[in-house]
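S.K.: Can you read through this structure? Questions will come right after.
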Amino acid sequence: MNIAVIGTGYVGLVSGSCFASWGNKVSCVDKDTRKIDGLNCGLLPIYEPGLEALVKQNQAGGRLTFTTDLVAAVQDADIVFITVGTPTRAEQGDADLSFVYAAARDIAPLLKFGAVVVTKSTVPVGTGDVVARIIASARPPGTFAVASNPEFLREGSAIDDFFSPDRVVIGAESELSRRALLALYEPMASANVRILVTKRRTAELIKYASNAFLATKIMFINELADLCEKVGTDIEELAIGVGLDKRIGSAFLKAGPGYGGSCFPKDTLALLRTAQDHGVALRIVEETVAANAARKRRMGLKVLEALGGEGNGKTVAVLGLTFKAGTDDMREAPSIQLIETLQRFGIHIRAYDPVGIPNAAGMLRDVVFCEDPYACVQDADATVVVTDWESISELSLERMRHLMRSPILVDLRNAFLHSDAAAAGFQVTSIGHSIPAPAEPERHSVVTLVQPVHRSRSEDVRQAGTAGR
Ligand code: NAD
């Protein structure tokens with residue numbers, strides 16, 4: 001099939017490359033000339049494990065091209081995916097659909113007879129109807145179709161998620177779009193992936209409902225972590241005990257500093273706005289949004305408390321900046337609010353992240369960025385772990401302790417075992433652990449009990465409750 005992908009960001013680049021590796025001829029379009037020039041020179045605009053190899057392999061095979069030339073990309077396309085951004089509109093809180101509608105207007109006169117336009121961007125229910133009307137103003141009825149195919153990939157594991165999804169959702173109103181998308185996803189159907197065909201509006205809403213549920217699950221465990229801190233229990237043990245119930249499941253039960261990323265914050269807000277517009281109360285989602293905002297605000301105060309309530313002139317080392325491990329995405333990252341809060345208290349910030357510094361440098365002021373985590377913690381009055389990259393959780397606690405001015409560790413991801421950090425001489429503040437830490441023998445007996453279901457740390461990172469999308 002010939003496929004055009006409009007918008008070459010996280011979703012467009014990953015899905016375009018994956019469609020190409022099934023043998024389709026894919027042309028990825030973007031308005032950002034620098035991005036396209038870079039891709040044509042072999043430079044990826046984002047960090048995503050495995051993506052560079054996939055892009056290069058498909059480019060070399062002649063199946064994947066990058067262009068700013070919309071006409072060339074769209075005129076022969078059987079399917080045109082719209083994968084442009086749908087950010088939150090600052091004042092209104094709803095999704096800004098101007099990029100989606102602009103893309104629809106741009107492609108409308110270029111579509112070939114029988115082309116199917118598919119929104120893969122996350123869009124509020126009913127957007128497909130508007131896209132169809134926009135295209136209908138330039139094309140005769142019956143010569144095109146509009147479908148929805150929401151994307152569920154997670155940054156950091158996007159390629160695995162794309163090739164092995166829990167489900168593919170196709171929202172189709174016509175036989176033309178249903179047949180085209182089922183043919184495209186045939187490799188997945190053959191691999192026994194569940195393909196769910198729904199009405200277009202249902203597909204649009206499934207995406208928001210899924211993200212709102214996951215955000216709620218994260219905030220549920222985060223609030224339970226607060227309770228654990230007060231009642232002498234351990235959040236990890238609690239999460240394992242709860243997650244072993246098949247009706248609940250263990251994913252997204254990892255407590256942390258609150259969710260961030262490009263999806264959960266904006267999608268929960270957009271869903272609330274849709275509900276409001278239709279006079280429906282989504283109180284659970286409202287509480288989730290409010291609890292997450294409050295939690296992110298509180299994290300800076302947690303660090304200040306660990307410093308004894310006085311921050312002026314002190315230095316804090318921040319380990320991890322991106323909204324979760326495995327990505328360079330800084331959108332809505334908890335590190336941003338944390339750093340800004342600490343700076344308001346006169347605290348100097350040094351920060352390390354294995355891949356996030358270029359993006360973070362454009363968003364944060366007066367931060368000393370360090371390429372090396374040990375250099376980052378040198379002479380710090382406290383170290384805060386905000387993202388649980390392996391390159392952070394594998395650091396030597398003893399070495400860190402010796403380099404720092406004061407032995408204060410605030411571990412907002414529980415990247416280190418509380419007991420290990422305490423044994424290395426740290427005063428530890430973590431998430432969901434009472435102080436003092438639970439006695440060693442209890443930890444061991446529980447870990448032994450759960451060994452058959454306990455995941456590896458890297459799997460934990462992929463499924464991290466605070467991961468977001
Ligand atoms: P992004 O900001 O990384 O990329 C969007 C790209 O679209 C940009 O490169 C921009 O230059 C380009 N663009 C905008 N208007 C254009 C136009 N008219 N023609 C050509 N290019 C245009 O966004 P993203 O993170 O890939 O997200 C895209 C959509 O997918 C959003 O709706 C998002 O909610 C959804 N989504 C994102 C993820 C994720 O993990 N990032 C996962 C699932 C769904």
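Chain lettering (A, B, ...) mirrors the order of the structure tokens, residue numbering begins at 1 for each chain separately, and ligand numbering begins at 1 in order of display.
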Which residues of chain A have any atom within 6 Å of an atom in ligand 1 when counting only C-alpha atoms and all ligand atoms, and what is the closest pair of atoms for each, with the distance in Å to one decimal? Order the rows by chain and rising number and write it as a tab-separated table.
M.R.:
residue	atom	partner	partner_atom_place_in_ligand_line	distance
A:Ile6	CA	ligand 1	20 (C)	4.9
A:Gly7	CA	ligand 1	7 (O)	3.3
A:Thr8	CA	ligand 1	9 (O)	4.7
A:Gly9	CA	ligand 1	4 (O)	3.2
A:Tyr10	CA	ligand 1	26 (O)	3.6
A:Val11	CA	ligand 1	26 (O)	3.8
A:Gly12	CA	ligand 1	26 (O)	5.7
A:Val29	CA	ligand 1	20 (C)	5.5
A:Asp30	CA	ligand 1	21 (N)	3.5
A:Lys31	CA	ligand 1	20 (C)	4.4
A:Asp32	CA	ligand 1	11 (O)	4.9
A:Thr83	CA	ligand 1	28 (C)	4.9
A:Val84	CA	ligand 1	7 (O)	3.7
A:Gly85	CA	ligand 1	28 (C)	4.1
A:Thr86	CA	ligand 1	32 (O)	4.3
A:Phe99	CA	ligand 1	15 (N)	4.8
A:Ala102	CA	ligand 1	18 (N)	5.5
A:Ala103	CA	ligand 1	18 (N)	4.2
A:Ser121	CA	ligand 1	32 (O)	3.5
A:Thr122	CA	ligand 1	32 (O)	3.8
A:Glu151	CA	ligand 1	43 (C)	4.6
A:Phe152	CA	ligand 1	43 (C)	4.9
A:Leu153	CA	ligand 1	42 (C)	5.2
A:Arg154	CA	ligand 1	40 (O)	5.0
A:Glu155	CA	ligand 1	40 (O)	4.8
A:Ser262	CA	ligand 1	41 (N)	5.8
A:Cys263	CA	ligand 1	34 (O)	5.2
A:Arg469	CA	ligand 1	40 (O)	4.6
S.K.: What's the 12 Å shell around Leu182 of chain A, counting only C-alpha atoms, without same-chain residues fewer than 5 positions away, as a ChimeraX atom specification?
M.R.: /A:79,147,149,168-172,175-177,187-190,193-197
S.K.: Env of His418 of chain A: 12 Å cut, atoms = only C-alpha atoms, seq-sep filter 2 positions within chain, self excluded. Answer as a PyMOL selection string.
M.R.: chain A and resi 234-236+393+397+409-416+420-440+443
S.K.: Excluding Met404 of chain A and residues on its chain fewer than 3 positions from it, collect all residues at most 7 Å away from it, counting only C-alpha atoms, and give them as a count of residues only.
M.R.: 8
S.K.: Give me the residues within 12 Å of Asp372 of chain A as a ChimeraX atom specification, counting only C-alpha atoms and dropping any in the same chain fewer than 2 places off.
M.R.: /A:317-320,350-355,357,368-370,374-378,391-392,395,400
S.K.: Go through A:Gly309, A:Pro124, A:Gly42, A:Pro257 one by one, measure the shortest atom-to-atom distance of each to Arg201 of chain A using only C-alpha atoms, and give the residue with the smallest value.
M.R.: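 Checking each of A:Gly309, A:Pro124, A:Gly42, A:Pro257 against Arg201 of chain A, counting only C-alpha atoms, the winner is A:Pro124.
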S.K.: Applying 9 Å and only C-alpha atoms, which residues near segment 271-287 of chain A remain after dropping the ones on its own chain fewer than 3 positions away? List them as a PyMOL selection string.
M.R.: chain A and resi 92-95+124-125+205+208-209+212-213+215-216+266-268+290-292
S.K.: Rounded to one decimal, what separation in Å do you get between atom CA of Asp96 of chain A and atom CA of Val130 of chain A?
M.R.: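 Separating atom CA of Asp96 of chain A from atom CA of Val130 of chain A is a distance of 13.7 Å.
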S.K.: For Val71 of chain A, which residue out of A:Leu110, A:Leu97, A:Val55, A:Gly50 is the nearest one, using only C-alpha atoms?
M.R.: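 Answer, going by the shortest atom-to-atom distance: A:Leu110.
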